[in-house]
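What follows is a single structure, written as structure tokens, with notes after it.
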Amino acid sequence: MTETTPKPAGGTLARKAAMLCQAEGFHRYLDQARRARHGIDTNVLPDGTHKEEDAVDFIRTACGVRSRAEIDHEPRAAHMLRRIITNYRRWQSNQVRASS
């Protein structure tokens, strides 16, 4: 008989990550961040390029987890998700100011 390790259940942070990955604004944030980081023109990578699956991949990679559910159980992953959320909120705030 083989033992299987139960997968960690997702908690509050996993739910926040899931909601973030579904947010169209976060997708635009990823578009703009990638353009800025790699010097890519808007014609090459327009807003609307990143989708939910891309956001999920980004969160898992940045947090160093295979599943968003692991974020609640890994202190480094939790810290990274909080940084991502903070940076995204700062970006959102700047977008509001820029459109005013």
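Ligands are numbered from 1 in the order shown, chains are lettered A, B, ... in the order of the structure tokens, and residues start at 1 in each chain.
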
>> Taking 6 positions as the minimum chain separation for residues in the same chain, which residues sit within 8 Å of His27 of chain A when counting only C-alpha atoms? Answer as number ranges by chain.
In response: A: 21, 48-52, 55

> Near Trp91 of chain A, counting only C-alpha atoms, which residues have an atom at most 10 Å away, once you skip same-chain residues fewer than 6 positions from it, shown as a ChimeraX atom specification?
Replying inline: /A:25-26,29,32-33,85,97

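When the distance limit is 8 Å and only C-alpha atoms are what count, the residues near Gly10 of chain A, minus those fewer than 6 positions from it on the same chain, are Arg68, Ala69, Glu70, Ile71 and Asp72 of chain A.
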
>> Considering only alpha helix (DSSP H) as DSSP defines it on the backbone, what residues of chain A qualify? List them as a ChimeraX atom specification.
In response: /A:12-22,24-38,52-63,75-99

>> Env of Arg35 of chain A: 12 Å cut, atoms = only C-alpha atoms, seq-sep filter 5 positions within chain, self excluded. Answer as a ChimeraX atom specification.
In response: /A:28-30,40-47,49-50

Export, as a short mmCIF file (atom, residue, chain, number, x, y, z; two decimals), in the first residue's frame, the selected residues with N, CA and C atoms.
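Heads up, here's the output in selection-v4.cif:
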```
data_model
loop_
_atom_site.label_atom_id
_atom_site.label_comp_id
_atom_site.auth_asym_id
_atom_site.auth_seq_id
_atom_site.Cartn_x
_atom_site.Cartn_y
_atom_site.Cartn_z
N ARG A 28 -4.29 43.35 -17.18
CA ARG A 28 -3.69 44.56 -17.77
C ARG A 28 -2.40 44.93 -17.05
N TYR A 29 -2.42 44.79 -15.73
CA TYR A 29 -1.21 45.05 -14.93
C TYR A 29 -0.06 44.17 -15.42
N LEU A 30 -0.35 42.89 -15.65
CA LEU A 30 0.69 41.98 -16.16
C LEU A 30 1.17 42.39 -17.54
N ILE A 40 9.07 46.27 -24.34
CA ILE A 40 8.22 45.83 -25.46
C ILE A 40 7.21 46.93 -25.80
N ASP A 41 7.00 47.16 -27.06
CA ASP A 41 6.05 48.17 -27.52
C ASP A 41 4.60 47.67 -27.37
N THR A 42 3.69 48.61 -27.18
CA THR A 42 2.26 48.28 -27.04
C THR A 42 1.72 47.58 -28.28
N ASN A 43 2.28 47.88 -29.45
CA ASN A 43 1.84 47.22 -30.68
C ASN A 43 2.17 45.72 -30.67
N VAL A 44 3.24 45.36 -29.98
CA VAL A 44 3.67 43.97 -29.92
C VAL A 44 2.93 43.21 -28.81
N LEU A 45 2.72 43.89 -27.67
CA LEU A 45 2.05 43.28 -26.52
C LEU A 45 0.97 44.25 -26.04
N PRO A 46 -0.19 44.24 -26.69
CA PRO A 46 -1.24 45.18 -26.30
C PRO A 46 -1.92 44.79 -24.99
N ASP A 47 -2.59 45.75 -24.37
CA ASP A 47 -3.42 45.44 -23.21
C ASP A 47 -4.45 44.40 -23.63
N THR A 49 -3.64 41.13 -23.54
CA THR A 49 -2.90 39.94 -23.97
C THR A 49 -2.94 38.85 -22.90
N HIS A 50 -2.67 39.23 -21.65
CA HIS A 50 -2.67 38.25 -20.56
C HIS A 50 -4.11 37.89 -20.18
#
```

> Got a sec: who's within 12 Å of Met80 of chain A, counting only C-alpha atoms, leaving out chain neighbours fewer than 2 positions off, as a VMD selection string?
Replying inline: chain A and resid 13 17 58 to 65 68 71 to 72 74 to 78 82 to 87

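Atom pair atom CA of Gln22 of chain A / atom CA of Gln95 of chain A has a distance of 18.8 Å (rounded to one decimal).
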
> What gap, in Å, lies between atom CA of Ala36 of chain A and atom CA of Ala18 of chain A?
Replying inline: 24.5 Å

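Here atom CA of Arg15 of chain A and atom CA of Leu81 of chain A stand 11.4 Å from one another.
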